[in-house]
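A quick write-up on the structure given underneath.
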Amino acid sequence: MLTHRPVWKAFETLAVRYSQVRTHSWPKQGPSPLTVDQVTYIFLAKILTTFPIVFVDYGLENPDAKGFHTRRPWDGNFEPGHQQISINGKRTDHMSIAFGKASQTNNHHPFQAFLFMTANTLLHELGHVFVTYLTKGQSASPPQVNAVTEGVQGGEGEAGLALESLIFGGTIAYFQEPVSGTPDDQCGTAFLKKPSGAWHRILPKTIHDVASMQFKFPYDHDVRSTEPGQLRALGHGLAPPSYTDPLERSEVRYLLERHLPLLWSALHCAPCDSTLRAPVAGGKES
């Protein structure tokens, strides 16, 4: 997904928006200021070489909390492996179970739905990692870096939603099936919120294609919109999501102190393909 031109162009657009409100950011400093396309290329080249560490976080109990990025200050050389993305542990378990059932029942859609959600969540969080790169981890997304909804002014910055809107044609959210509801171990129904504010169900074929690495942007969706009043969040009735740094939890620190030396040794011994592939115009990723 990251090697496709619409994705690269979306990151470039984020960089432009950021540079318009942060005129003295570090890429513009020094004797040889970086252009927007250079900043984007360097960032994505680093991400494609070394992905941020991903925590499977069981502290995220609300299914609407798909993931988050914990911002780490940096200076000198930006190292993506020093940054982190957390994804919902319970939802990840459900994805693993759906994968096992797919091979038994030959029904791959439940697993593909989770795979689609996880891929989009990681891309969303990379929008936040990009802001960490642009700000050296010193500040969050400025208000100007957000998804635009017609008739809505202001609001907090949200680089992940801005990236979704630029690539997918809207922002993605998951809801219970309007008529039958959604069991706890299912992914939920994916909807796209268009810049007009209208909600459209993402087509099953779109989900299948993305899970099969057949990418087409923006995402295809049902031409009919769904009234917001018919949509119920997966976490309806649950406590709002709580986002805490996993490294601040004592049990995580214990596990890292006990297992990190072995993990680090394994990572250094593992083969690594650091070749950067150029973005392609569309179709299947090579």
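Scheme for the structure tokens: letters A, B, ... for chains in order shown; per-chain residue numbers from 1; ligand numbers from 1 in order shown.
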
Next on the checklist: List as a list of chain:residue names the protein and nucleic acid residues near Thr244 in chain A, meaning an atom at most 9 Å away when only C-alpha atoms are counted, but skip any in the same chain fewer than 5 places from it.
Outcome noted: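 So, after excluding close chain neighbours, the residues are A:Gly59, A:Leu60, A:Thr70, A:Arg249.
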
Item to check | Selection: 6 Å around range 44-54 of chain A, only C-alpha atoms, excl. self and same-chain fewer than 5 positions, as a VMD selection string | outcome: chain A and resid 80 to 81 83 to 86 274

Next on the checklist: According to DSSP computed on the backbone, where in range 171-245 of chain A is there strand (DSSP E or B)? Give the residues as an MDAnalysis selection string.
Outcome noted: chainID A and resid 171:175 189:193 199:202 214:215 221:226 233

Item to check | All residues 9 Å or closer to Pro228 in chain A, only C-alpha atoms, same chain fewer than 3 positions away omitted, as JSON, numbers by chain | outcome: {"A": [198, 199, 231, 232]}

Item to check | Selection: 10 Å around Pro63 in chain A, only C-alpha atoms, excl. self and same-chain fewer than 4 positions, as a VMD selection string | outcome: chain A and resid 67 88 to 91 174 184 to 185 187 to 188 233 to 236 238 240 to 241

Would you mind exporting the chosen residues as a short mmCIF file (atom, residue, chain, number, x, y, z; two decimals), in the first residue's frame, restricted to N, CA, C and O atoms?
data_model
loop_
_atom_site.label_atom_id
_atom_site.label_comp_id
_atom_site.auth_asym_id
_atom_site.auth_seq_id
_atom_site.Cartn_x
_atom_site.Cartn_y
_atom_site.Cartn_z
N GLY A 67 -6.37 1.71 17.39
CA GLY A 67 -4.95 1.86 17.60
C GLY A 67 -4.59 3.30 17.94
O GLY A 67 -5.44 4.19 17.91
N ASN A 88 -5.29 -2.71 18.87
CA ASN A 88 -6.20 -3.33 19.83
C ASN A 88 -5.93 -4.84 19.93
O ASN A 88 -6.06 -5.57 18.96
N GLY A 89 -5.56 -5.28 21.14
CA GLY A 89 -5.21 -6.68 21.35
C GLY A 89 -6.37 -7.63 21.15
O GLY A 89 -6.23 -8.69 20.52
N LYS A 90 -7.53 -7.29 21.70
CA LYS A 90 -8.69 -8.18 21.59
C LYS A 90 -9.11 -8.31 20.13
O LYS A 90 -9.44 -9.41 19.67
N ARG A 91 -9.07 -7.21 19.39
CA ARG A 91 -9.44 -7.27 17.98
C ARG A 91 -8.41 -8.09 17.18
O ARG A 91 -8.77 -8.78 16.23
N TYR A 174 -16.25 1.88 11.85
CA TYR A 174 -16.91 0.58 11.87
C TYR A 174 -18.11 0.64 12.79
O TYR A 174 -18.04 1.17 13.90
N ASP A 184 -19.58 -9.81 19.10
CA ASP A 184 -18.36 -9.20 19.63
C ASP A 184 -17.11 -9.63 18.88
O ASP A 184 -16.13 -8.89 18.82
N ASP A 185 -17.13 -10.87 18.35
CA ASP A 185 -15.91 -11.38 17.71
C ASP A 185 -15.86 -11.07 16.21
O ASP A 185 -14.99 -11.58 15.51
N CYS A 187 -15.72 -8.15 12.94
CA CYS A 187 -15.05 -6.87 12.69
C CYS A 187 -16.02 -5.70 12.72
O CYS A 187 -15.67 -4.60 13.14
N GLY A 188 -17.25 -5.92 12.29
CA GLY A 188 -18.18 -4.81 12.13
C GLY A 188 -18.27 -4.41 10.67
O GLY A 188 -17.54 -4.92 9.82
N ALA A 233 -22.25 2.52 17.11
CA ALA A 233 -20.84 2.18 17.29
C ALA A 233 -20.69 0.78 17.86
O ALA A 233 -21.55 0.29 18.62
N LEU A 234 -19.59 0.12 17.52
CA LEU A 234 -19.31 -1.21 18.06
C LEU A 234 -19.20 -1.16 19.57
O LEU A 234 -19.59 -2.08 20.28
N GLY A 235 -18.66 -0.05 20.09
CA GLY A 235 -18.47 0.08 21.53
C GLY A 235 -19.60 0.82 22.22
O GLY A 235 -19.41 1.37 23.32
N HIS A 236 -20.78 0.81 21.61
CA HIS A 236 -21.93 1.51 22.19
C HIS A 236 -22.21 0.99 23.60
O HIS A 236 -22.31 -0.21 23.83
N LEU A 238 -20.17 1.16 26.14
CA LEU A 238 -18.93 0.90 26.87
C LEU A 238 -18.26 2.21 27.26
O LEU A 238 -18.58 3.27 26.74
N PRO A 240 -15.55 5.12 27.29
CA PRO A 240 -14.75 5.66 26.18
C PRO A 240 -13.34 5.07 26.20
O PRO A 240 -12.83 4.67 27.25
N PRO A 241 -12.70 4.99 25.03
CA PRO A 241 -11.34 4.43 24.98
C PRO A 241 -10.38 5.23 25.83
O PRO A 241 -10.49 6.46 25.97
#

Checklist entry - Could you name the residues that touch range 4-11 of chain A at 12 Å or less, counting only C-alpha atoms, but leaving out those on the same chain fewer than 4 positions away, as a ChimeraX atom specification? => result /A:15-18,36-45,120,123-124,126-131,133-134,145,147,159-169,213-219,277-286

Could the residues in this selection be written to a file with C-alpha atoms, as a PDB file, in the first residue's frame?
ATOM      1  CA  ALA A  15       3.707  17.924   4.513  1.00  0.00           C
ATOM      2  CA  VAL A  16       2.486  20.934   2.514  1.00  0.00           C
ATOM      3  CA  ARG A  17      -0.320  21.630   4.994  1.00  0.00           C
ATOM      4  CA  TYR A  18       2.086  21.335   7.881  1.00  0.00           C
ATOM      5  CA  VAL A  36       8.199  18.626   0.364  1.00  0.00           C
ATOM      6  CA  ASP A  37       8.813  15.693  -1.962  1.00  0.00           C
ATOM      7  CA  GLN A  38      12.279  15.137  -0.452  1.00  0.00           C
ATOM      8  CA  VAL A  39      10.850  15.141   3.083  1.00  0.00           C
ATOM      9  CA  THR A  40       8.176  12.643   2.037  1.00  0.00           C
ATOM     10  CA  TYR A  41      10.620  10.388   0.199  1.00  0.00           C
ATOM     11  CA  ILE A  42      13.063  10.253   3.112  1.00  0.00           C
ATOM     12  CA  PHE A  43      10.283   9.442   5.589  1.00  0.00           C
ATOM     13  CA  LEU A  44       8.673   6.686   3.517  1.00  0.00           C
ATOM     14  CA  ALA A  45      12.053   5.237   2.582  1.00  0.00           C
ATOM     15  CA  ASN A 120      -6.003   0.931   7.269  1.00  0.00           C
ATOM     16  CA  LEU A 123      -1.724   3.591   7.612  1.00  0.00           C
ATOM     17  CA  HIS A 124      -3.763   5.981   9.764  1.00  0.00           C
ATOM     18  CA  LEU A 126       1.639   6.386  10.099  1.00  0.00           C
ATOM     19  CA  GLY A 127       0.023   9.767   9.519  1.00  0.00           C
ATOM     20  CA  HIS A 128       0.719  10.514  13.183  1.00  0.00           C
ATOM     21  CA  VAL A 129       4.246   9.098  12.929  1.00  0.00           C
ATOM     22  CA  PHE A 130       4.775  11.471   9.988  1.00  0.00           C
ATOM     23  CA  VAL A 131       3.893  14.408  12.247  1.00  0.00           C
ATOM     24  CA  TYR A 133       8.959  13.085  12.001  1.00  0.00           C
ATOM     25  CA  LEU A 134       8.073  16.640  10.932  1.00  0.00           C
ATOM     26  CA  VAL A 145      -3.988  19.069   9.380  1.00  0.00           C
ATOM     27  CA  ALA A 147     -10.067  15.734   7.496  1.00  0.00           C
ATOM     28  CA  ALA A 159      -3.179  13.704  10.753  1.00  0.00           C
ATOM     29  CA  GLY A 160      -4.472  10.132  10.577  1.00  0.00           C
ATOM     30  CA  LEU A 161      -7.962  11.208   9.513  1.00  0.00           C
ATOM     31  CA  ALA A 162      -6.484  13.741   7.089  1.00  0.00           C
ATOM     32  CA  LEU A 163      -4.459  10.950   5.467  1.00  0.00           C
ATOM     33  CA  GLU A 164      -7.506   8.673   5.254  1.00  0.00           C
ATOM     34  CA  SER A 165      -9.559  11.381   3.570  1.00  0.00           C
ATOM     35  CA  LEU A 166      -6.845  12.095   1.006  1.00  0.00           C
ATOM     36  CA  ILE A 167      -6.291   8.431   0.102  1.00  0.00           C
ATOM     37  CA  PHE A 168      -9.628   6.698   0.648  1.00  0.00           C
ATOM     38  CA  GLY A 169     -11.971   9.552  -0.290  1.00  0.00           C
ATOM     39  CA  MET A 213      -3.239  -6.516  -2.336  1.00  0.00           C
ATOM     40  CA  GLN A 214      -5.259  -5.188  -5.263  1.00  0.00           C
ATOM     41  CA  PHE A 215      -5.331  -1.492  -4.430  1.00  0.00           C
ATOM     42  CA  LYS A 216      -7.601   1.112  -5.981  1.00  0.00           C
ATOM     43  CA  PHE A 217      -7.915   4.569  -4.479  1.00  0.00           C
ATOM     44  CA  PRO A 218     -10.221   6.126  -3.462  1.00  0.00           C
ATOM     45  CA  TYR A 219     -12.228   3.207  -2.085  1.00  0.00           C
ATOM     46  CA  ARG A 277      10.707   0.170  -4.253  1.00  0.00           C
ATOM     47  CA  ALA A 278       9.462   3.173  -6.187  1.00  0.00           C
ATOM     48  CA  PRO A 279       5.726   3.980  -5.994  1.00  0.00           C
ATOM     49  CA  VAL A 280       3.609   2.394  -8.700  1.00  0.00           C
ATOM     50  CA  ALA A 281       0.622   3.950 -10.415  1.00  0.00           C
ATOM     51  CA  GLY A 282      -1.897   1.264  -9.461  1.00  0.00           C
ATOM     52  CA  GLY A 283      -2.809  -2.408  -9.609  1.00  0.00           C
ATOM     53  CA  LYS A 284      -1.127  -5.179  -7.690  1.00  0.00           C
ATOM     54  CA  GLU A 285       1.970  -4.409  -5.681  1.00  0.00           C
ATOM     55  CA  SER A 286       5.072  -5.942  -7.208  1.00  0.00           C
TER      56      SER A 286
END

Skipping near chain neighbours, those fewer than 6 positions away, what residues fall within 12 Å of Asp75 in chain A using only C-alpha atoms, listed as a compact mmCIF listing (two decimals) with N, CA and C atoms, in the first residue's frame?
# COMPACT_ATOMS: atom_id res chain seq x y z
N TRP A 26 12.00 22.14 10.99
CA TRP A 26 13.39 21.76 10.74
C TRP A 26 13.71 21.46 9.28
N HIS A 82 12.34 3.42 16.73
CA HIS A 82 12.25 3.99 18.08
C HIS A 82 10.86 4.56 18.35
N THR A 132 5.24 13.19 13.88
CA THR A 132 6.38 13.04 14.79
C THR A 132 7.68 13.32 14.06
N TYR A 133 7.77 12.84 12.83
CA TYR A 133 8.96 13.08 12.00
C TYR A 133 9.10 14.58 11.70
N LEU A 134 8.02 15.23 11.31
CA LEU A 134 8.07 16.64 10.93
C LEU A 134 8.34 17.56 12.12
N THR A 135 7.90 17.14 13.31
CA THR A 135 8.02 18.01 14.50
C THR A 135 9.13 17.56 15.45
N LYS A 136 9.86 16.52 15.07
CA LYS A 136 10.84 15.90 15.97
C LYS A 136 10.18 15.44 17.28
N GLY A 137 8.91 15.09 17.18
CA GLY A 137 8.18 14.57 18.34
C GLY A 137 7.82 15.61 19.36
N GLN A 138 7.86 16.88 18.99
CA GLN A 138 7.65 17.95 19.96
C GLN A 138 6.22 18.46 20.01

Next on the checklist: Would you pick out the contacts of Thr118 in chain A at 9 Å or less, using only C-alpha atoms, so that residues sharing its chain but fewer than 6 positions from it are not included, and give the list as a ChimeraX atom specification?
Outcome noted: /A:66-67,87,92

Checklist outcome for this item: Using only C-alpha atoms, the shortest atom-to-atom distance to Asp245 in chain A among A:Ser32, A:Glu158, A:Asn62, A:Arg71 belongs to A:Arg71

Checklist entry - Per DSSP on the backbone, what are the alpha helix (DSSP H) residues of range 25-163 of chain A, as JSON, numbers by chain? => result {"A": [36, 37, 38, 39, 40, 41, 42, 43, 44, 45, 46, 47, 48, 49, 89, 90, 91, 92, 93, 94, 95, 96, 97, 98, 99, 100, 101, 102, 103, 104, 105, 109, 110, 111, 112, 113, 114, 115, 116, 117, 118, 119, 120, 121, 122, 123, 124, 125, 126, 127, 128, 129, 130, 131, 132, 133, 134, 135, 159, 160, 161, 162, 163]}

Next on the checklist: Report, in Å with one decimal, the straight-line distance from CA of Asp209 in chain A to CA of Leu115 in chain A.
Outcome noted: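 Spanning CA of Asp209 in chain A to CA of Leu115 in chain A is a straight-line distance of 11.0 Å.
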
Checklist entry - In Å, how far is it from CA of Glu177 in chain A to CA of Ile207 in chain A? => result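 Separation of CA of Glu177 in chain A and CA of Ile207 in chain A: 16.0 Å.
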